[in-house]
>>> print(open('coords-v6.csv').read())   # CSV, C-alpha atoms
chain,number,residue,atom,x,y,z
L,1,MET,CA,26.6,44.2,112.5
L,2,ARG,CA,26.0,41.1,110.5
L,3,GLN,CA,27.1,41.2,106.9
L,4,ALA,CA,24.0,40.9,104.7
L,5,SER,CA,26.2,40.6,101.6
L,6,ALA,CA,27.6,37.3,103.0
L,7,TYR,CA,24.2,35.8,103.2
L,8,SER,CA,23.2,37.3,99.8
L,9,LYS,CA,26.0,35.4,98.2
L,10,MET,CA,25.1,32.2,99.9
L,11,LEU,CA,21.4,32.3,99.2
L,12,SER,CA,21.7,33.4,95.6
L,13,GLY,CA,24.7,31.3,94.6
L,14,GLY,CA,26.9,34.3,94.1
L,15,ARG,CA,24.6,37.0,92.8
L,16,SER,CA,24.0,40.0,95.0
L,17,GLY,CA,21.0,40.4,97.2
L,18,PRO,CA,18.0,38.2,97.5
L,19,HIS,CA,17.9,40.2,100.7
L,20,ALA,CA,17.0,43.2,98.5
L,21,LEU,CA,16.6,45.2,101.7
L,22,PRO,CA,19.4,46.0,104.2
L,23,LEU,CA,19.0,43.9,107.4
L,24,ALA,CA,20.6,46.4,109.6
L,25,ARG,CA,18.1,49.1,108.6
L,26,ILE,CA,15.2,46.7,109.1
L,27,LYS,CA,16.5,45.9,112.6
L,28,LYS,CA,16.8,49.6,113.4
L,29,ILE,CA,13.2,50.2,112.3
L,30,MET,CA,12.1,47.3,114.4
L,31,LYS,CA,13.8,48.7,117.4
L,32,ASN,CA,12.4,52.1,116.9
L,33,SER,CA,8.8,50.8,116.8
L,34,SER,CA,8.6,50.3,120.5
L,35,GLU,CA,10.5,50.5,123.8
L,36,ASP,CA,9.4,47.0,124.5
L,37,VAL,CA,11.5,45.6,121.6
L,38,LYS,CA,14.7,44.6,123.1
L,39,MET,CA,16.1,41.4,121.6
L,40,ILE,CA,15.6,40.4,118.0
L,41,SER,CA,16.8,37.1,116.7
L,42,GLY,CA,18.9,36.9,113.6
L,43,GLU,CA,16.0,35.4,111.6
L,44,ALA,CA,13.5,38.2,112.2
L,45,PRO,CA,15.1,40.8,109.8
L,46,ILE,CA,15.5,38.0,107.2
L,47,VAL,CA,11.8,37.2,107.4
L,48,PHE,CA,11.1,40.9,107.2
L,49,SER,CA,13.2,41.5,104.2
L,50,LYS,CA,11.1,39.0,102.3
L,51,ALA,CA,7.9,40.2,103.9
L,52,CYS,CA,8.6,43.8,103.0
L,53,GLU,CA,9.3,42.8,99.4
L,54,LEU,CA,6.0,41.0,99.2
L,55,PHE,CA,4.3,44.1,100.8
L,56,ILE,CA,5.9,46.5,98.4
L,57,GLU,CA,4.9,44.3,95.5
L,58,GLU,CA,1.3,44.1,96.6
L,59,LEU,CA,1.0,47.8,97.4
L,60,THR,CA,2.6,48.7,94.1
L,61,LYS,CA,0.4,46.4,92.0
L,62,ARG,CA,-2.7,47.9,93.6
L,63,ALA,CA,-1.4,51.4,93.2
L,64,TRP,CA,-0.6,50.7,89.5
L,65,ALA,CA,-4.3,49.6,89.0
L,66,MET,CA,-5.2,53.1,90.2
L,67,THR,CA,-2.8,54.6,87.9
L,68,LEU,CA,-4.3,52.8,85.0
L,69,GLN,CA,-7.8,53.8,86.1
L,70,GLY,CA,-6.6,57.4,85.8
L,71,LYS,CA,-5.3,56.5,82.3
L,72,ARG,CA,-1.8,57.5,83.2
L,73,ARG,CA,1.5,55.8,82.9
L,74,THR,CA,3.2,57.4,85.9
L,75,MET,CA,2.3,56.3,89.3
L,76,GLN,CA,1.7,59.1,91.7
L,77,ARG,CA,1.3,59.4,95.5
L,78,GLU,CA,-2.4,59.6,95.1
L,79,ASP,CA,-2.4,56.2,93.5
L,80,VAL,CA,-0.7,54.7,96.5
L,81,ALA,CA,-3.1,56.5,98.8
L,82,SER,CA,-6.1,55.1,96.8
L,83,ALA,CA,-4.7,51.6,97.0
L,84,VAL,CA,-4.3,51.9,100.8
L,85,ILE,CA,-7.9,53.2,101.2
L,86,THR,CA,-9.4,50.5,99.1
L,87,THR,CA,-7.6,47.6,100.7
L,88,ASP,CA,-8.7,46.4,104.1
L,89,ILE,CA,-5.5,45.0,105.4
L,90,PHE,CA,-3.8,48.3,104.6
L,91,ASP,CA,-6.1,50.1,107.0
L,92,PHE,CA,-3.1,50.7,109.4
L,93,LEU,CA,-1.7,53.0,106.7
L,94,ILE,CA,-4.7,55.2,106.2
L,95,ASN,CA,-3.5,57.9,108.5
L,96,LEU,CA,0.0,57.8,107.0
L,97,VAL,CA,-1.1,58.4,103.5
L,98,SER,CA,-3.8,61.0,104.3
L,99,ASP,CA,-1.4,62.9,106.5
L,100,SER,CA,1.2,62.9,103.7
L,101,ALA,CA,-1.3,64.3,101.2
L,102,HIS,CA,-2.2,67.2,103.5
L,103,ASP,CA,1.4,68.1,104.4
L,104,HIS,CA,2.8,68.0,100.9
L,105,CYS,CA,-0.1,69.4,99.0
L,106,PRO,CA,-2.0,71.7,101.3
L,107,ALA,CA,-4.1,73.0,98.5
L,108,GLN,CA,-5.2,69.6,97.5
L,109,GLU,CA,-8.7,68.4,98.4
L,110,SER,CA,-9.1,65.4,100.5
L,111,LEU,CA,-8.7,62.2,98.6
L,112,PRO,CA,-11.6,61.1,96.6
L,113,VAL,CA,-13.5,58.1,98.0
L,114,LEU,CA,-13.3,55.4,95.4
L,115,GLU,CA,-15.9,52.6,95.0
L,116,PRO,CA,-14.5,49.4,96.5
G,1,MET,CA,11.8,67.6,97.6
G,2,LYS,CA,12.2,68.2,101.3
G,3,ARG,CA,10.2,65.9,103.5
G,4,GLU,CA,8.5,68.0,106.1
G,5,ARG,CA,6.4,65.5,107.9
G,6,ASP,CA,7.8,63.7,110.8
G,7,ASN,CA,5.6,61.3,112.6
G,8,ILE,CA,7.7,61.2,115.7
G,9,ASP,CA,8.5,64.8,116.6
G,10,ASP,CA,6.6,67.5,114.8
G,11,ASP,CA,8.0,70.3,117.0
G,12,ASP,CA,11.3,70.1,115.2
G,13,ASP,CA,9.9,71.7,112.2
G,14,GLN,CA,9.7,75.0,114.0
G,15,ARG,CA,13.2,74.9,115.3
G,16,PRO,CA,15.5,77.7,114.2
G,17,PRO,CA,18.1,76.8,111.7
G,18,VAL,CA,21.5,76.1,113.1
G,19,GLY,CA,24.9,77.2,111.7
G,20,PRO,CA,27.1,75.0,109.6
G,21,ASN,CA,29.3,74.0,112.5
G,22,ARG,CA,26.5,72.8,114.7
G,23,THR,CA,25.2,69.4,114.5
G,24,THR,CA,21.6,69.0,115.5
G,25,PHE,CA,19.7,65.8,115.6
G,26,ARG,CA,16.1,65.2,116.4
G,27,ILE,CA,15.3,63.5,119.6
G,28,SER,CA,12.6,60.9,119.6
G,29,PRO,CA,11.2,59.7,122.9
G,30,GLU,CA,10.7,56.2,121.4
G,31,SER,CA,14.0,55.9,119.8
G,32,THR,CA,16.8,54.6,122.0
G,33,CYS,CA,19.5,55.0,119.5
G,34,SER,CA,20.7,57.0,116.5
G,35,ASN,CA,20.3,60.4,118.1
G,36,ILE,CA,22.8,62.9,119.4
G,37,ASN,CA,21.8,66.0,121.3
G,38,ASN,CA,24.2,68.8,121.2
G,39,ASP,CA,21.9,71.6,122.0
G,40,SER,CA,20.8,71.1,125.6
G,41,ASN,CA,18.9,74.4,125.6
G,42,HIS,CA,16.2,73.2,123.2
G,43,ASN,CA,16.2,69.5,123.6
G,44,PRO,CA,15.5,67.2,126.5
G,45,PRO,CA,18.6,65.6,128.0
G,46,ILE,CA,19.8,62.3,126.7
G,47,PRO,CA,19.1,59.4,129.1
G,48,PRO,CA,22.4,57.9,130.2
G,49,THR,CA,21.5,54.6,128.6
G,50,THR,CA,21.2,56.0,125.2
G,51,THR,CA,23.1,54.1,122.6
G,52,ILE,CA,24.8,56.2,120.0
G,53,ASN,CA,24.8,54.8,116.5
G,54,ILE,CA,25.1,57.2,113.7
G,55,ASN,CA,25.0,56.3,110.0
G,56,ASN,CA,26.5,58.9,107.8
G,57,ASN,CA,27.1,58.1,104.2
G,58,ASN,CA,28.5,61.5,103.3
G,59,ASN,CA,32.2,62.5,103.3
G,60,ASN,CA,31.9,64.2,106.7
G,61,VAL,CA,32.3,61.5,109.3
G,62,VAL,CA,30.3,62.1,112.4
G,63,SER,CA,32.4,60.8,115.3
G,64,ALA,CA,30.3,58.7,117.7
G,65,ASN,CA,31.3,60.7,120.7
G,66,ALA,CA,31.3,58.5,123.7
G,67,ASN,CA,30.8,61.6,125.9
G,68,ALA,CA,27.2,61.7,124.7
G,69,ASN,CA,26.5,58.6,126.7
G,70,LYS,CA,27.1,60.6,129.8
G,71,GLY,CA,24.5,63.1,129.0
G,72,THR,CA,26.8,65.9,128.0
G,73,SER,CA,26.4,68.0,124.9
G,74,ILE,CA,28.4,67.2,121.8
G,75,SER,CA,31.0,69.8,121.0
G,76,ASN,CA,31.4,71.3,117.6
G,77,SER,CA,33.9,68.6,116.7
G,78,SER,CA,31.0,66.9,114.9
G,79,ASN,CA,30.8,69.0,111.8
G,80,ASN,CA,27.8,68.3,109.5
G,81,SER,CA,25.4,70.3,107.4
G,82,ASN,CA,21.8,70.6,108.2
G,83,ASN,CA,20.8,68.6,105.2
G,84,ASN,CA,22.7,65.6,106.4
G,85,ASN,CA,20.8,65.7,109.7
G,86,HIS,CA,17.5,65.4,107.9
G,87,ASN,CA,18.9,62.7,105.7
G,88,ASN,CA,20.3,60.8,108.5
G,89,LYS,CA,17.0,60.8,110.3
G,90,GLU,CA,15.2,59.7,107.3
G,91,GLN,CA,17.8,57.0,106.5
G,92,ASP,CA,17.3,55.6,110.0
G,93,ARG,CA,13.5,55.5,109.7
G,94,PHE,CA,13.1,54.2,106.2
G,95,LEU,CA,14.4,51.6,103.9
G,96,PRO,CA,16.6,52.9,101.1
G,97,ILE,CA,14.5,54.4,98.4
G,98,ALA,CA,16.6,52.8,95.7
G,99,ASN,CA,15.8,49.3,97.0
G,100,VAL,CA,12.2,50.2,97.4
G,101,GLY,CA,12.0,51.6,93.9
G,102,ARG,CA,13.7,48.6,92.4
G,103,ILE,CA,11.1,46.2,93.9
G,104,MET,CA,8.3,48.5,92.8
G,105,LYS,CA,9.6,48.5,89.2
G,106,LYS,CA,9.6,44.8,89.1
G,107,VAL,CA,5.8,44.5,89.2
G,108,ILE,CA,4.8,47.2,86.8
G,109,PRO,CA,5.1,47.1,83.0
G,110,GLY,CA,8.4,48.1,81.5
G,111,ASN,CA,7.1,51.3,80.1
G,112,GLY,CA,5.5,52.3,83.4
G,113,LYS,CA,7.0,55.1,85.5
G,114,ILE,CA,6.9,55.8,89.2
G,115,SER,CA,7.1,59.3,90.6
G,116,LYS,CA,9.4,60.1,93.4
G,117,ASP,CA,6.4,61.0,95.6
G,118,ALA,CA,5.0,57.5,95.1
G,119,LYS,CA,8.3,55.9,96.0
G,120,GLU,CA,8.6,57.9,99.1
G,121,THR,CA,5.0,57.1,100.1
G,122,VAL,CA,5.7,53.4,99.7
G,123,GLN,CA,8.9,53.8,101.6
G,124,GLU,CA,7.0,55.3,104.5
G,125,CYS,CA,4.4,52.6,104.3
G,126,VAL,CA,7.0,49.8,104.5
G,127,SER,CA,8.4,51.3,107.7
G,128,GLU,CA,5.0,51.5,109.1
G,129,PHE,CA,4.4,47.9,108.1
G,130,ILE,CA,7.5,46.8,109.9
G,131,SER,CA,6.5,48.7,113.0
G,132,PHE,CA,3.0,47.4,112.9
G,133,VAL,CA,4.1,43.7,112.6
G,134,THR,CA,6.9,44.1,115.1
G,135,GLY,CA,4.5,45.6,117.7
G,136,GLU,CA,2.2,42.7,117.3
G,137,ALA,CA,5.1,40.2,117.5
G,138,SER,CA,6.5,42.0,120.5
G,139,ASP,CA,3.2,41.8,122.4
G,140,LYS,CA,3.0,38.1,121.7
G,141,CYS,CA,6.5,37.6,123.1
G,142,GLN,CA,5.6,39.6,126.2
G,143,ARG,CA,2.5,37.5,126.8
G,144,GLU,CA,4.6,34.4,126.5
G,145,LYS,CA,7.3,35.9,128.7
G,146,ARG,CA,10.0,35.6,126.0
G,147,LYS,CA,12.6,38.2,125.5
G,148,THR,CA,13.6,37.6,121.9
G,149,ILE,CA,11.4,38.1,118.9
G,150,ASN,CA,12.2,35.3,116.4
G,151,GLY,CA,11.2,34.6,112.9
G,152,ASP,CA,8.1,32.6,113.9
G,153,ASP,CA,6.8,35.4,115.9
G,154,ILE,CA,7.0,37.7,112.9
G,155,LEU,CA,5.3,35.0,110.8
G,156,TRP,CA,2.5,34.7,113.3
G,157,ALA,CA,2.0,38.5,113.5
G,158,ILE,CA,2.0,38.8,109.7
G,159,MET,CA,-0.8,36.2,109.5
G,160,THR,CA,-2.7,37.6,112.4
G,161,LEU,CA,-2.8,41.1,110.9
G,162,GLY,CA,-4.4,39.8,107.7
G,163,PHE,CA,-1.4,39.1,105.4
G,164,GLU,CA,-2.1,35.4,105.2
G,165,ASP,CA,-1.0,35.2,101.6
G,166,TYR,CA,2.5,36.1,102.6
G,167,VAL,CA,2.9,33.2,105.0
G,168,ASN,CA,3.6,30.3,102.7
G,169,PRO,CA,6.3,32.1,100.7
G,170,LEU,CA,7.8,33.3,103.9
G,171,LYS,CA,7.8,29.9,105.5
G,172,LEU,CA,9.6,28.5,102.5
G,173,TYR,CA,12.1,31.3,102.6
G,174,LEU,CA,12.7,30.8,106.3
G,175,THR,CA,13.1,27.1,105.8
G,176,LYS,CA,15.7,27.6,103.2
G,177,TYR,CA,17.5,30.1,105.4
G,178,ARG,CA,17.5,27.6,108.3
G,179,GLU,CA,18.9,25.0,106.0
G,180,ILE,CA,21.8,27.2,105.3
G,181,GLU,CA,22.3,27.8,108.9
G,182,GLY,CA,22.2,24.1,109.5
G,183,GLU,CA,25.0,23.7,107.0
G,184,LYS,CA,27.2,25.8,109.1
G,185,LEU,CA,26.6,23.6,112.1
G,186,ASN,CA,28.1,20.8,110.1
G,187,VAL,CA,24.9,18.8,109.6
G,188,PRO,CA,25.9,15.8,107.6
G,189,LYS,CA,25.4,16.4,103.9
G,190,GLN,CA,23.2,13.4,103.4
G,191,GLN,CA,20.9,14.5,106.2
G,192,ARG,CA,20.7,18.0,104.7
G,193,VAL,CA,19.7,16.5,101.3
G,194,GLU,CA,17.1,14.4,102.9
G,195,GLN,CA,15.6,17.3,104.8
G,196,ARG,CA,15.5,19.4,101.6
G,197,LEU,CA,13.7,16.7,99.7
G,198,GLN,CA,11.2,16.3,102.5
G,199,HIS,CA,10.6,20.0,102.5
G,200,GLU,CA,10.2,20.3,98.8
G,201,GLN,CA,7.7,17.4,98.7
G,202,SER,CA,5.6,18.7,101.6
G,203,SER,CA,5.5,22.4,100.7
G,204,SER,CA,2.7,23.4,98.3
G,205,VAL,CA,3.7,26.9,97.4
G,206,PRO,CA,2.2,27.8,94.1
G,207,TYR,CA,5.3,28.9,92.2
G,208,ASN,CA,3.3,30.8,89.7
G,209,SER,CA,1.7,32.9,92.4
G,210,VAL,CA,2.4,36.6,92.3
G,211,TYR,CA,4.4,36.4,95.4
G,212,SER,CA,7.0,34.0,94.4
G,213,THR,CA,8.9,35.5,91.6
G,214,THR,CA,12.1,36.4,93.3
G,215,ASN,CA,15.5,35.0,92.6
G,216,MET,CA,15.3,33.2,95.9
G,217,MET,CA,12.6,31.0,94.6
G,218,SER,CA,14.1,30.1,91.3
G,219,GLN,CA,17.4,28.9,92.7
G,220,PRO,CA,17.7,25.1,92.3
G,221,SER,CA,20.2,24.6,95.0
G,222,PHE,CA,21.2,26.5,98.1
G,223,VAL,CA,24.3,24.5,98.9
G,224,SER,CA,27.2,26.8,98.7
G,225,ASN,CA,30.6,25.6,97.6
G,226,ASP,CA,32.2,28.7,99.1
G,227,PRO,CA,34.2,28.3,102.3
G,228,PRO,CA,31.9,28.6,105.3
G,229,PHE,CA,31.3,32.0,106.6
G,230,PRO,CA,31.7,32.9,110.2
G,231,LEU,CA,28.4,32.8,111.8
G,232,PRO,CA,27.3,36.4,112.2
G,233,PHE,CA,24.2,35.4,114.1
G,234,SER,CA,24.3,34.2,117.7
G,235,GLN,CA,23.6,30.5,117.5
G,236,ASN,CA,21.5,30.6,120.6
G,237,SER,CA,19.0,32.9,119.0
G,238,ILE,CA,18.4,30.9,115.9
G,239,GLN,CA,16.2,27.9,115.7
G,240,THR,CA,18.3,25.6,113.6
G,241,THR,CA,16.1,22.5,113.7
G,242,THR,CA,15.0,21.9,110.2
G,243,THR,CA,13.3,18.5,110.5
G,244,LEU,CA,9.7,18.1,109.6
G,245,PRO,CA,8.4,17.6,113.1
G,246,GLN,CA,9.7,21.1,113.9
G,247,GLN,CA,7.7,22.4,111.0
G,248,ASP,CA,4.6,20.7,112.1
G,249,HIS,CA,5.1,22.0,115.6
G,250,VAL,CA,5.2,25.5,114.2
G,251,ASP,CA,2.1,24.9,112.2
G,252,GLU,CA,0.1,24.0,115.2
G,253,HIS,CA,0.4,27.6,116.4
G,254,TRP,CA,-1.3,29.0,113.3
>>> encode(input="coords-v6.csv", output="structure tokens")
Amino acid sequence: MRQASAYSKMLSGGRSGPHALPLARIKKIMKNSSEDVKMISGEAPIVFSKACELFIEELTKRAWAMTLQGKRRTMQREDVASAVITTDIFDFLINLVSDSAHDHCPAQESLPVLEP
Amino acid sequence: MKRERDNIDDDDDQRPPVGPNRTTFRISPESTCSNINNDSNHNPPIPPTTTININNNNNNVVSANANANKGTSISNSSNNSNNNNHNNKEQDRFLPIANVGRIMKKVIPGNGKISKDAKETVQECVSEFISFVTGEASDKCQREKRKTINGDDILWAIMTLGFEDYVNPLKLYLTKYREIEGEKLNVPKQQRVEQRLQHEQSSSVPYNSVYSTTNMMSQPSFVSNDPPFPLPFSQNSIQTTTTLPQQDHVDEHW
């Protein structure tokens, strides 16, 4: 497998990891997504490592807004779920977060619908 | 906290526990790697083309038994506890929670806290994001009868799926990466410098935008004085042209 740390050093001038996410793992997840995914160029995990970072940042910021709405200082799963529900481009995640809520907290009511 | 939900194979939750000397891995129909089946009574047989690739960060090393490739069951020589099976599966499906947590912490105030649940949820969402974008990029490659998903396909898919705001920072990132690859192909230094100047003048990424706060963006120079690394990537699969016309060509597809 390619050495992500080698590229990290290069791209950051010696500091570890602007590829904050492991390229091998990204590639594995890409391969798992579909039988049709056979060949992946070297660039694709690199692009994803940055894209995932942006995604995590956006999701976290929106979730944090929910945390503040609830007048709390600790982000909870429900905040992430609320952020997903209220953001159009995160629609592909709706099943994921609602399933999680049901599995982990069976006694919990379904997520409250927030005003957009 | 034990993760009980498994998107791929819910039946495994009802499987009886196995003894400490038996290694049991989940089989996913979609997954073509990372799984070993050593209990043929309960699991479907492994297709002969299955690639075995086990990541195990614990002290017990799981030997990647070549016999598994022939469809036979793994003997008890692979010793591992049940917990490691679950962790291995999760490690394969998700990005490391420490990395995810670190990125999350960057964007909340210093006194803010993140519960483990929230980190795990984001972890799952990221994997779903990767799958979602990869699926779209893969479809595009199939339509265009190409076999390899490259960086531009990923960028196209990201934009098509609504994440347009990501595209500019990503293009910049990819350009810098290609420049570094170009170095390795012994592009004359003067030409590299010219290319970099052209890119910097033409790109209009707002550096104060919320998306460009990484170390990558703040580095003034990407020329490394270290000895060149051996290219870990296949040269054939990387688009190494970094001149402006190439960039324009890419833009036409958006």
>>> closest_residue(input="coords-v6.csv", among="L:Thr87, L:Ser98, L:Pro45, L:Lys71", to="L:Lys31", atoms="all atoms listed in the file")
L:Pro45
>>> residues_around(input="coords-v6.csv", residues="L:Val37", least_positions_apart="4", cutoff="10 Å", atoms="only C-alpha atoms", output="number ranges by chain")
L: 30-33; G: 134-135, 137-139, 141-142, 147-149
>>> atom_distance(input="coords-v6.csv", atom1="atom CA of L:Ser34", atom2="atom CA of L:Phe48")
16.5 Å
>>> interface_residues(input="coords-v6.csv", of="chain L", to="chain G", cutoff="6 Å", atoms="all atoms listed in the file", output="list in words")
Arg2, Met10, Leu11, Pro18, Ile29, Met30, Asn32, Ser33, Met39, Ile40, Ser41, Gly42, Glu43, Ala44, Thr60, Arg73, Thr74, Met75, Gln76, Arg77 and Ile89 of chain L
>>> atom_distance(input="coords-v6.csv", atom1="atom CA of L:Val80", atom2="atom CA of G:Glu136")
24.2 Å
>>> atom_distance(input="coords-v6.csv", atom1="atom CA of L:Val84", atom2="atom CA of L:Val47")
22.8 Å
